[in-house]
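**Student:** Hey, dropping model-v4.pdb in here, PDB, C-alpha atoms:
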```
ATOM      1  CA  MET A   1     -43.882   8.064   3.744
ATOM      2  CA  GLU A   2     -41.898   6.458   0.923
ATOM      3  CA  ARG A   3     -39.440   9.301   1.141
ATOM      4  CA  ALA A   4     -38.994   8.724   4.859
ATOM      5  CA  ILE A   5     -38.370   5.028   4.334
ATOM      6  CA  ILE A   6     -35.801   5.747   1.624
ATOM      7  CA  LEU A   7     -34.026   8.322   3.788
ATOM      8  CA  ALA A   8     -33.882   5.967   6.762
ATOM      9  CA  ALA A   9     -32.698   3.061   4.647
ATOM     10  CA  SER A  10     -30.039   5.270   3.030
ATOM     11  CA  ALA A  11     -28.716   6.357   6.410
ATOM     12  CA  ILE A  12     -28.544   2.737   7.579
ATOM     13  CA  GLY A  13     -26.950   1.741   4.283
ATOM     14  CA  ALA A  14     -24.320   4.460   4.584
ATOM     15  CA  GLY A  15     -23.463   3.173   8.033
ATOM     16  CA  LEU A  16     -23.280  -0.399   6.805
ATOM     17  CA  ALA A  17     -21.112   0.619   3.839
ATOM     18  CA  LEU A  18     -18.459   1.964   6.191
ATOM     19  CA  ILE A  19     -18.087  -1.489   7.774
ATOM     20  CA  ALA A  20     -15.856  -2.031   4.751
ATOM     21  CA  GLY A  21     -13.238  -0.099   6.724
ATOM     22  CA  ILE A  22     -12.557  -3.141   8.910
ATOM     23  CA  GLY A  23     -10.763  -5.101   6.202
ATOM     24  CA  PRO A  24      -8.205  -2.470   5.170
ATOM     25  CA  GLY A  25      -7.660  -1.603   8.831
ATOM     26  CA  ILE A  26      -6.621  -5.140   9.691
ATOM     27  CA  GLY A  27      -4.660  -5.557   6.469
ATOM     28  CA  GLU A  28      -2.748  -2.309   6.798
ATOM     29  CA  GLY A  29      -1.967  -2.991  10.433
ATOM     30  CA  TYR A  30      -0.528  -6.328   9.436
ATOM     31  CA  ALA A  31       1.510  -4.766   6.620
ATOM     32  CA  VAL A  32       2.914  -2.054   8.895
ATOM     33  CA  GLY A  33       3.787  -4.649  11.514
ATOM     34  CA  LYS A  34       5.714  -6.669   8.952
ATOM     35  CA  ALA A  35       7.432  -3.505   7.701
ATOM     36  CA  CYS A  36       8.519  -2.720  11.262
ATOM     37  CA  GLU A  37       9.966  -6.229  11.553
ATOM     38  CA  ALA A  38      11.826  -5.757   8.281
ATOM     39  CA  ILE A  39      13.238  -2.402   9.395
ATOM     40  CA  GLY A  40      14.223  -3.973  12.709
ATOM     41  CA  ARG A  41      16.165  -6.664  10.888
ATOM     42  CA  GLN A  42      17.741  -4.374   8.299
ATOM     43  CA  PRO A  43      17.634  -0.741   9.417
ATOM     44  CA  GLU A  44      19.680   0.363   6.400
ATOM     45  CA  CYS A  45      16.825  -0.235   3.928
ATOM     46  CA  GLN A  46      14.311   1.763   5.938
ATOM     47  CA  GLY A  47      13.600   4.131   3.017
ATOM     48  CA  ALA A  48      12.783   1.427   0.491
ATOM     49  CA  VAL A  49      10.700  -0.572   2.978
ATOM     50  CA  THR A  50       8.705   2.493   4.013
ATOM     51  CA  ARG A  51       8.037   3.487   0.419
ATOM     52  CA  THR A  52       6.911   0.012  -0.586
ATOM     53  CA  MET A  53       4.762  -0.279   2.518
ATOM     54  CA  LEU A  54       2.996   3.030   1.866
ATOM     55  CA  LEU A  55       2.319   1.986  -1.725
ATOM     56  CA  GLY A  56       0.960  -1.376  -0.637
ATOM     57  CA  CYS A  57      -1.159   0.235   2.057
ATOM     58  CA  ALA A  58      -2.613   2.617  -0.520
ATOM     59  CA  ILE A  59      -3.625  -0.291  -2.722
ATOM     60  CA  ALA A  60      -5.019  -2.277   0.201
ATOM     61  CA  GLU A  61      -7.009   0.797   1.158
ATOM     62  CA  SER A  62      -9.001   0.734  -2.101
ATOM     63  CA  THR A  63     -11.798  -1.480  -0.810
ATOM     64  CA  GLY A  64     -12.265   0.741   2.218
ATOM     65  CA  ILE A  65     -12.341   3.788  -0.044
ATOM     66  CA  TYR A  66     -15.020   2.157  -2.195
ATOM     67  CA  GLY A  67     -17.127   1.724   0.929
ATOM     68  CA  LEU A  68     -16.489   5.344   1.857
ATOM     69  CA  VAL A  69     -17.503   6.564  -1.605
ATOM     70  CA  VAL A  70     -20.732   4.558  -1.418
ATOM     71  CA  GLY A  71     -21.388   6.030   2.014
ATOM     72  CA  LEU A  72     -20.703   9.578   0.798
ATOM     73  CA  ILE A  73     -22.999   9.114  -2.198
ATOM     74  CA  LEU A  74     -25.789   7.824   0.023
ATOM     75  CA  MET A  75     -25.333  10.720   2.440
ATOM     76  CA  PHE A  76     -24.813  13.680   0.128
ATOM     77  CA  ALA A  77     -25.890  12.772  -3.419
ATOM     78  CA  ASN A  78     -28.558  10.147  -2.907
ATOM     79  CA  PRO A  79     -29.667   8.756  -6.288
ATOM     80  CA  LEU A  80     -32.514   6.749  -4.750
ATOM     81  CA  ILE A  81     -34.649   9.789  -3.887
ATOM     82  CA  GLY A  82     -34.788  10.668  -7.580
ATOM     83  CA  LEU A  83     -36.448   7.337  -8.292
ATOM     84  CA  LEU A  84     -39.649   8.306  -6.464
TER      85      LEU A  84
ATOM     86  CA  MET B   1     -20.609  19.308   3.158
ATOM     87  CA  GLU B   2     -21.966  20.055  -0.264
ATOM     88  CA  GLY B   3     -20.668  19.863  -3.798
ATOM     89  CA  ALA B   4     -18.624  22.525  -5.517
ATOM     90  CA  ARG B   5     -20.448  25.804  -6.029
ATOM     91  CA  ILE B   6     -21.371  26.624  -9.635
ATOM     92  CA  PHE B   7     -20.221  30.120 -10.539
ATOM     93  CA  PHE B   8     -21.726  30.416 -14.010
ATOM     94  CA  ARG B   9     -22.656  28.314 -17.002
ATOM     95  CA  ILE B  10     -21.151  28.429 -20.489
ATOM     96  CA  PRO B  11     -24.170  28.439 -22.819
ATOM     97  CA  ILE B  12     -23.142  25.542 -25.103
ATOM     98  CA  PHE B  13     -24.308  21.911 -24.969
ATOM     99  CA  GLY B  14     -27.153  22.959 -22.687
ATOM    100  CA  GLY B  15     -25.044  24.925 -20.193
ATOM    101  CA  LEU B  16     -21.608  23.682 -19.144
ATOM    102  CA  PRO B  17     -21.171  24.500 -15.440
ATOM    103  CA  VAL B  18     -18.006  26.303 -14.303
ATOM    104  CA  THR B  19     -17.529  25.247 -10.702
ATOM    105  CA  GLU B  20     -15.452  26.401  -7.777
ATOM    106  CA  THR B  21     -13.131  23.455  -8.394
ATOM    107  CA  MET B  22     -12.350  24.625 -11.911
ATOM    108  CA  VAL B  23     -11.721  28.206 -10.853
ATOM    109  CA  ASN B  24      -9.475  26.994  -8.032
ATOM    110  CA  SER B  25      -7.545  24.807 -10.471
ATOM    111  CA  TRP B  26      -7.018  27.799 -12.769
ATOM    112  CA  ILE B  27      -5.670  29.783  -9.828
ATOM    113  CA  LEU B  28      -3.382  26.880  -8.931
ATOM    114  CA  ILE B  29      -2.163  26.471 -12.508
ATOM    115  CA  LEU B  30      -1.372  30.163 -12.607
ATOM    116  CA  GLY B  31       0.378  29.969  -9.230
ATOM    117  CA  ILE B  32       2.492  26.932 -10.136
ATOM    118  CA  THR B  33       3.425  28.473 -13.492
ATOM    119  CA  LEU B  34       4.476  31.724 -11.830
ATOM    120  CA  LEU B  35       6.464  29.742  -9.236
ATOM    121  CA  CYS B  36       8.267  27.831 -11.997
ATOM    122  CA  VAL B  37       9.018  31.035 -13.904
ATOM    123  CA  PHE B  38      10.248  32.682 -10.719
ATOM    124  CA  LEU B  39      12.502  29.729  -9.841
ATOM    125  CA  THR B  40      14.060  29.346 -13.283
ATOM    126  CA  ARG B  41      14.886  32.942 -14.164
ATOM    127  CA  HIS B  42      18.543  33.829 -14.842
ATOM    128  CA  LEU B  43      19.878  30.267 -14.730
ATOM    129  CA  LYS B  44      23.668  30.111 -14.481
ATOM    130  CA  LEU B  45      26.300  27.393 -14.593
ATOM    131  CA  LYS B  46      28.444  28.722 -11.761
ATOM    132  CA  GLU B  47      27.673  30.580  -8.537
ATOM    133  CA  ILE B  48      24.039  29.547  -8.599
ATOM    134  CA  THR B  49      21.426  31.406  -6.606
ATOM    135  CA  LYS B  50      19.218  29.901  -3.904
ATOM    136  CA  ARG B  51      16.272  29.931  -6.301
ATOM    137  CA  GLN B  52      18.166  27.907  -8.870
ATOM    138  CA  ALA B  53      19.285  25.453  -6.193
ATOM    139  CA  ILE B  54      15.650  24.830  -5.221
ATOM    140  CA  ALA B  55      14.643  24.346  -8.850
ATOM    141  CA  GLU B  56      17.520  21.937  -9.494
ATOM    142  CA  TRP B  57      16.685  20.001  -6.349
ATOM    143  CA  ALA B  58      13.033  19.593  -7.416
ATOM    144  CA  VAL B  59      13.893  18.494 -10.944
ATOM    145  CA  GLN B  60      16.564  16.116  -9.668
ATOM    146  CA  ALA B  61      14.151  14.577  -7.142
ATOM    147  CA  VAL B  62      11.520  13.911  -9.800
ATOM    148  CA  ASN B  63      14.122  12.505 -12.183
ATOM    149  CA  ASP B  64      15.477  10.177  -9.493
ATOM    150  CA  LEU B  65      11.978   8.975  -8.619
ATOM    151  CA  VAL B  66      11.129   8.215 -12.258
ATOM    152  CA  THR B  67      14.502   6.560 -12.839
ATOM    153  CA  GLU B  68      13.992   4.348  -9.829
ATOM    154  CA  SER B  69      10.584   3.051 -10.848
ATOM    155  CA  MET B  70      10.627   3.163 -14.663
ATOM    156  CA  GLY B  71      14.262   2.794 -15.656
ATOM    157  CA  LYS B  72      16.671   5.241 -17.246
ATOM    158  CA  ALA B  73      15.301   4.915 -20.786
ATOM    159  CA  HIS B  74      11.946   6.528 -19.997
ATOM    160  CA  VAL B  75      13.013   9.433 -17.797
ATOM    161  CA  LYS B  76      12.968  12.029 -20.577
ATOM    162  CA  THR B  77       9.485  10.967 -21.694
ATOM    163  CA  TYR B  78       7.636  10.624 -18.411
ATOM    164  CA  ALA B  79       9.443  12.800 -15.838
ATOM    165  CA  PRO B  80       7.773  16.085 -16.960
ATOM    166  CA  TYR B  81       4.295  14.571 -16.694
ATOM    167  CA  ILE B  82       4.968  12.948 -13.328
ATOM    168  CA  GLY B  83       6.501  16.145 -11.960
ATOM    169  CA  ALA B  84       3.597  18.267 -13.145
ATOM    170  CA  LEU B  85       1.074  15.777 -11.758
ATOM    171  CA  PHE B  86       2.837  15.662  -8.413
ATOM    172  CA  ALA B  87       3.030  19.445  -8.109
ATOM    173  CA  PHE B  88      -0.589  19.927  -9.162
ATOM    174  CA  SER B  89      -1.871  17.221  -6.827
ATOM    175  CA  LEU B  90       0.244  18.394  -3.895
ATOM    176  CA  PHE B  91      -0.655  22.068  -4.219
ATOM    177  CA  GLY B  92      -4.232  21.148  -5.050
ATOM    178  CA  SER B  93      -4.630  19.320  -1.745
ATOM    179  CA  LEU B  94      -2.521  21.753   0.271
ATOM    180  CA  SER B  95      -4.641  24.676  -0.945
ATOM    181  CA  SER B  96      -7.104  23.726   1.803
ATOM    182  CA  LEU B  97      -4.610  25.334   4.191
ATOM    183  CA  LEU B  98      -5.388  28.671   2.537
ATOM    184  CA  GLY B  99      -9.103  28.135   3.046
ATOM    185  CA  MET B 100      -9.787  27.201  -0.558
ATOM    186  CA  LYS B 101     -11.854  24.136  -1.368
ATOM    187  CA  PRO B 102      -9.198  21.526  -2.260
ATOM    188  CA  ILE B 103      -9.574  20.614  -5.921
ATOM    189  CA  THR B 104      -8.830  16.966  -5.163
ATOM    190  CA  SER B 105     -11.918  16.688  -2.944
ATOM    191  CA  ASP B 106     -13.916  16.896  -6.178
ATOM    192  CA  ILE B 107     -14.102  13.531  -7.909
ATOM    193  CA  ASN B 108     -14.034  15.143 -11.366
ATOM    194  CA  THR B 109     -10.443  16.288 -10.834
ATOM    195  CA  THR B 110      -9.012  12.972  -9.699
ATOM    196  CA  LEU B 111     -10.986  10.906 -12.206
ATOM    197  CA  GLY B 112      -9.742  13.265 -14.924
ATOM    198  CA  TRP B 113      -6.139  12.563 -13.957
ATOM    199  CA  ALA B 114      -6.949   8.849 -13.752
ATOM    200  CA  ILE B 115      -8.299   8.963 -17.310
ATOM    201  CA  VAL B 116      -5.020  10.529 -18.464
ATOM    202  CA  THR B 117      -3.173   7.654 -16.786
ATOM    203  CA  PHE B 118      -5.544   5.156 -18.425
ATOM    204  CA  VAL B 119      -4.852   6.617 -21.865
ATOM    205  CA  MET B 120      -1.115   6.528 -21.155
ATOM    206  CA  ILE B 121      -1.300   2.852 -20.155
ATOM    207  CA  GLN B 122      -3.205   1.845 -23.290
ATOM    208  CA  TYR B 123      -0.984   4.010 -25.500
ATOM    209  CA  SER B 124       2.203   2.444 -24.113
ATOM    210  CA  LYS B 125       0.789  -1.036 -24.578
ATOM    211  CA  ILE B 126       0.038  -0.341 -28.244
ATOM    212  CA  LYS B 127       3.288   1.540 -28.833
ATOM    213  CA  TYR B 128       5.645  -1.034 -27.317
ATOM    214  CA  HIS B 129       3.855  -4.263 -28.257
ATOM    215  CA  GLY B 130       1.872  -3.501 -31.388
ATOM    216  CA  ILE B 131      -1.867  -3.472 -31.931
ATOM    217  CA  LYS B 132      -2.032  -7.228 -32.467
ATOM    218  CA  GLN B 133      -0.380  -8.053 -29.164
ATOM    219  CA  PHE B 134      -2.589  -5.443 -27.484
ATOM    220  CA  PHE B 135      -5.786  -7.235 -28.450
ATOM    221  CA  LYS B 136      -4.233 -10.626 -27.844
ATOM    222  CA  GLY B 137      -3.357  -9.545 -24.298
ATOM    223  CA  PHE B 138      -7.043  -9.487 -23.397
ATOM    224  CA  THR B 139      -7.457 -13.191 -24.067
ATOM    225  CA  GLU B 140      -4.624 -14.198 -21.728
ATOM    226  CA  PRO B 141      -4.409 -16.782 -20.210
ATOM    227  CA  ILE B 142      -7.498 -18.247 -21.939
ATOM    228  CA  PHE B 143     -10.187 -16.559 -24.023
ATOM    229  CA  VAL B 144     -12.867 -17.105 -21.353
ATOM    230  CA  MET B 145     -11.109 -14.456 -19.236
ATOM    231  CA  THR B 146     -11.729 -11.667 -21.781
ATOM    232  CA  PRO B 147     -14.635  -9.926 -19.966
ATOM    233  CA  LEU B 148     -12.766 -10.035 -16.663
ATOM    234  CA  ASN B 149      -9.639  -8.624 -18.296
ATOM    235  CA  ILE B 150     -11.624  -5.760 -19.796
ATOM    236  CA  ILE B 151     -13.269  -5.018 -16.433
ATOM    237  CA  SER B 152      -9.935  -5.064 -14.641
ATOM    238  CA  GLU B 153      -8.560  -2.689 -17.276
ATOM    239  CA  PHE B 154     -11.298  -0.179 -16.440
ATOM    240  CA  ALA B 155     -11.026  -0.802 -12.691
ATOM    241  CA  THR B 156      -7.486   0.582 -12.689
ATOM    242  CA  PRO B 157      -8.328   4.266 -13.352
ATOM    243  CA  LEU B 158     -11.496   3.995 -11.277
ATOM    244  CA  SER B 159      -9.668   2.822  -8.163
ATOM    245  CA  LEU B 160      -6.889   5.346  -8.822
ATOM    246  CA  GLY B 161      -9.334   8.235  -8.962
ATOM    247  CA  PHE B 162     -11.523   7.051  -6.097
ATOM    248  CA  ARG B 163      -8.537   6.515  -3.814
ATOM    249  CA  HIS B 164      -7.256  10.065  -4.075
ATOM    250  CA  PHE B 165     -10.737  11.572  -3.918
ATOM    251  CA  GLY B 166     -11.789   9.376  -0.996
ATOM    252  CA  ASN B 167      -8.791  10.226   1.149
ATOM    253  CA  ILE B 168      -9.066  13.992   0.711
ATOM    254  CA  ALA B 169     -12.878  14.051   0.913
ATOM    255  CA  ALA B 170     -12.834  11.906   4.059
ATOM    256  CA  GLY B 171     -10.495  14.444   5.632
ATOM    257  CA  THR B 172     -12.872  17.265   4.727
ATOM    258  CA  VAL B 173     -15.899  15.405   6.118
ATOM    259  CA  ILE B 174     -14.207  14.436   9.381
ATOM    260  CA  THR B 175     -12.837  17.955   9.887
ATOM    261  CA  SER B 176     -16.271  19.515   9.359
ATOM    262  CA  LEU B 177     -17.847  16.931  11.701
ATOM    263  CA  LEU B 178     -15.272  17.795  14.357
ATOM    264  CA  TYR B 179     -15.946  21.514  13.921
ATOM    265  CA  SER B 180     -19.688  21.108  14.382
ATOM    266  CA  ALA B 181     -19.180  18.786  17.363
ATOM    267  CA  LEU B 182     -16.847  21.319  19.003
ATOM    268  CA  ALA B 183     -19.334  24.135  18.337
ATOM    269  CA  TYR B 184     -22.075  22.077  20.014
ATOM    270  CA  LEU B 185     -19.808  21.231  22.940
ATOM    271  CA  SER B 186     -18.844  24.834  23.560
ATOM    272  CA  SER B 187     -22.459  25.994  23.404
ATOM    273  CA  VAL B 188     -23.323  23.318  26.011
ATOM    274  CA  ILE B 189     -20.494  24.462  28.272
ATOM    275  CA  LEU B 190     -21.492  28.131  27.949
ATOM    276  CA  GLY B 191     -25.162  27.309  28.498
ATOM    277  CA  GLY B 192     -26.554  28.161  25.096
ATOM    278  CA  ILE B 193     -24.321  31.115  24.142
ATOM    279  CA  GLN B 194     -23.016  30.616  20.596
ATOM    280  CA  ILE B 195     -19.297  31.275  21.020
ATOM    281  CA  PRO B 196     -17.408  28.252  19.587
ATOM    282  CA  PHE B 197     -14.292  28.758  21.715
ATOM    283  CA  MET B 198     -13.514  25.021  21.656
ATOM    284  CA  GLN B 199     -12.763  25.292  17.944
ATOM    285  CA  ILE B 200      -9.497  27.090  18.722
ATOM    286  CA  GLY B 201      -6.423  24.909  18.525
ATOM    287  CA  LEU B 202      -7.834  21.394  18.615
ATOM    288  CA  PRO B 203      -8.603  21.012  14.883
ATOM    289  CA  ALA B 204      -5.025  22.054  14.085
ATOM    290  CA  PHE B 205      -3.709  18.666  15.193
ATOM    291  CA  LEU B 206      -6.208  16.911  12.945
ATOM    292  CA  SER B 207      -5.233  19.284  10.157
ATOM    293  CA  ILE B 208      -1.590  18.205  10.413
ATOM    294  CA  TYR B 209      -2.629  14.676   9.512
ATOM    295  CA  PHE B 210      -5.412  15.344   7.048
ATOM    296  CA  ASP B 211      -4.029  18.398   5.284
ATOM    297  CA  LEU B 212      -0.258  18.022   5.364
ATOM    298  CA  PHE B 213       0.399  14.290   5.657
ATOM    299  CA  THR B 214      -2.467  12.934   3.546
ATOM    300  CA  SER B 215      -1.946  15.539   0.819
ATOM    301  CA  ALA B 216       1.722  14.714   0.372
ATOM    302  CA  LEU B 217       1.139  10.977   0.680
ATOM    303  CA  GLN B 218      -1.705  10.854  -1.824
ATOM    304  CA  ALA B 219       0.191  12.968  -4.368
ATOM    305  CA  PHE B 220       3.154  10.627  -4.001
ATOM    306  CA  ILE B 221       0.999   7.505  -4.251
ATOM    307  CA  PHE B 222      -0.885   8.738  -7.300
ATOM    308  CA  CYS B 223       2.409   9.395  -9.101
ATOM    309  CA  MET B 224       3.976   6.112  -7.972
ATOM    310  CA  LEU B 225       0.957   4.090  -9.097
ATOM    311  CA  THR B 226       0.847   5.909 -12.425
ATOM    312  CA  MET B 227       4.491   5.048 -12.993
ATOM    313  CA  ALA B 228       4.010   1.459 -11.838
ATOM    314  CA  TYR B 229       1.050   0.894 -14.162
ATOM    315  CA  VAL B 230       2.719   2.535 -17.163
ATOM    316  CA  SER B 231       6.026   0.729 -16.671
ATOM    317  CA  SER B 232       4.267  -2.617 -16.306
ATOM    318  CA  ALA B 233       2.366  -1.825 -19.515
ATOM    319  CA  ILE B 234       5.715  -1.122 -21.211
ATOM    320  CA  ASP B 235       7.406  -4.233 -19.858
ATOM    321  CA  ASP B 236       4.991  -7.080 -20.447
TER     322      ASP B 236
END
```
Show the structure stored in the file as structure tokens.

**Tutor:**
Amino acid sequence: MERAIILAASAIGAGLALIAGIGPGIGEGYAVGKACEAIGRQPECQGAVTRTMLLGCAIAESTGIYGLVVGLILMFANPLIGLL
Amino acid sequence: MEGARIFFRIPIFGGLPVTETMVNSWILILGITLLCVFLTRHLKLKEITKRQAIAEWAVQAVNDLVTESMGKAHVKTYAPYIGALFAFSLFGSLSSLLGMKPITSDINTTLGWAIVTFVMIQYSKIKYHGIKQFFKGFTEPIFVMTPLNIISEFATPLSLGFRHFGNIAAGTVITSLLYSALAYLSSVILGGIQIPFMQIGLPAFLSIYFDLFTSALQAFIFCMLTMAYVSSAIDD
């Protein structure tokens, strides 16, 4: 019974953890939009803008990745079952 | 999806496991070394061969990248490490195209590289500013911030390692989910016969993004962030 509760709660928790993907999604979309504007204004610095944007997106992505890692741990390497 | 298979255990410290990831990395190290040896044999000054042109192009690209983000003074010191890291990370992720388990979808690999970066950051801080300034840097701007500064110092390699691992592992998970969904779909269409014909072709488009694009991008980002962190440790 306890095991079932923990498994169910872990599955729900893994789903909830992936809500963290909303933030980076919005943020990266905004960053890419601004990068497109910048390239539209100055097409000659497309390379530098793209590189900087990718780097910034990667950093903005961190929070989403944390959520993903928590979700993966809950799904595949659940530490809570060991506590029983 | 499960963790890396354990091939055997070295019987010291209570059994050190040798996993699939480690064996794959050894194969990759061997492959990259052989590639480098192959590309750099019989180097000449004039009338260069195609092989030498490729090798020169790769070295020049890495040198330009390091020059751009760290300045000319540090190229000789850091370019070999960055180049090796980039090649290892790129081939490590791309090895999933050959059906191997990508070494970067194991968190031990990426966190290991992140620890190397962490050591490099701390070493450059001590080397270029002295041990006194190093410890003083933790109390900036006021001494109350010391615990937060220490946490943020450790968050750097953690986020670096998690980012690379998360991107590659997410690709693996989504690809395997798609495969099982397509297998289910094709068995529904065929009325219970287990021939997963829907798996032909469709996952290839996903693979272009997850295997080719993400691999190259994450290798690039890992190297760029390493350089950014180390050069900011050198500068301030």

**Student:** Can you report as lines of an AutoDock Vina configuration file the centre and edge lengths in Å, to one decimal, of an axis-aligned box around the listed atoms of range 109-112 of chain B padded with 4 Å on each side?

**Tutor:**
```
center_x = -10.0
center_y = 13.6
center_z = -12.3
size_x = 10.0
size_y = 13.4
size_z = 13.2
```

**Student:** Could you pull the residues within 7 Å of range 217-223 of chain B, counting only C-alpha atoms, minus those fewer than 2 positions along the same chain, as number ranges by chain?

**Tutor:** A: 55; B: 82, 86, 89-90, 164, 213-215, 225-227

**Student:** Identify, on the basis of all atoms listed in the file, every residue whose closest approach to range 199-203 of chain B does not exceed 12 Å; exclude the query and any residue fewer than 6 positions from it along the same chain; express the result as a list in words.

**Tutor:** Gly171, Thr172, Ile174, Thr175, Ser176, Leu177, Leu178, Tyr179, Ser180, Ala181, Leu182, Ala183, Tyr184, Leu185, Ser186, Ser187, Tyr209, Phe210 and Asp211 of chain B

**Student:** For CA of Trp113 in chain B and CA of Pro157 in chain B, determine how far apart the two atoms are, in Å to one decimal place.

**Tutor:**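 Going from CA of Trp113 in chain B over to CA of Pro157 in chain B, I get 8.6 Å.
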
**Student:** For the file shown, what are the residues hit by the PyMOL selection byres ((chain A and resi 40-51) around 12), laid out as a compact mmCIF listing (two decimals) with C-alpha atoms, keeping the file's coordinate frame?

**Tutor:**
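The result, written out as expr-v4.txt:
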```txt
# COMPACT_ATOMS: atom_id res chain seq x y z
CA ALA A 31 1.51 -4.77 6.62
CA VAL A 32 2.91 -2.05 8.90
CA GLY A 33 3.79 -4.65 11.51
CA LYS A 34 5.71 -6.67 8.95
CA ALA A 35 7.43 -3.50 7.70
CA CYS A 36 8.52 -2.72 11.26
CA GLU A 37 9.97 -6.23 11.55
CA ALA A 38 11.83 -5.76 8.28
CA ILE A 39 13.24 -2.40 9.40
CA THR A 52 6.91 0.01 -0.59
CA MET A 53 4.76 -0.28 2.52
CA LEU A 54 3.00 3.03 1.87
CA LEU A 55 2.32 1.99 -1.72
CA GLY A 56 0.96 -1.38 -0.64
CA CYS A 57 -1.16 0.24 2.06
CA ALA A 58 -2.61 2.62 -0.52
CA LEU B 65 11.98 8.98 -8.62
CA GLU B 68 13.99 4.35 -9.83
CA SER B 69 10.58 3.05 -10.85
CA LEU B 217 1.14 10.98 0.68
CA PHE B 220 3.15 10.63 -4.00
CA ILE B 221 1.00 7.50 -4.25
CA MET B 224 3.98 6.11 -7.97
CA LEU B 225 0.96 4.09 -9.10
```

**Student:** Would you mind listing, as a PDB file with C-alpha atoms, in the frame of the given file, all residues of chain B that have at least one atom within 8 Å of chain A, where all atoms listed in the file are what counts?

**Tutor:**
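And here is the file that came out, selection.pdb:
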```
ATOM      1  CA  MET B   1     -20.609  19.308   3.158  1.00  0.00           C
ATOM      2  CA  GLU B   2     -21.966  20.055  -0.264  1.00  0.00           C
ATOM      3  CA  SER B 159      -9.668   2.822  -8.163  1.00  0.00           C
ATOM      4  CA  PHE B 162     -11.523   7.051  -6.097  1.00  0.00           C
ATOM      5  CA  ARG B 163      -8.537   6.515  -3.814  1.00  0.00           C
ATOM      6  CA  GLY B 166     -11.789   9.376  -0.996  1.00  0.00           C
ATOM      7  CA  ASN B 167      -8.791  10.226   1.149  1.00  0.00           C
ATOM      8  CA  ALA B 170     -12.834  11.906   4.059  1.00  0.00           C
ATOM      9  CA  ILE B 221       0.999   7.505  -4.251  1.00  0.00           C
ATOM     10  CA  MET B 224       3.976   6.112  -7.972  1.00  0.00           C
ATOM     11  CA  LEU B 225       0.957   4.090  -9.097  1.00  0.00           C
TER      12      LEU B 225
END
```
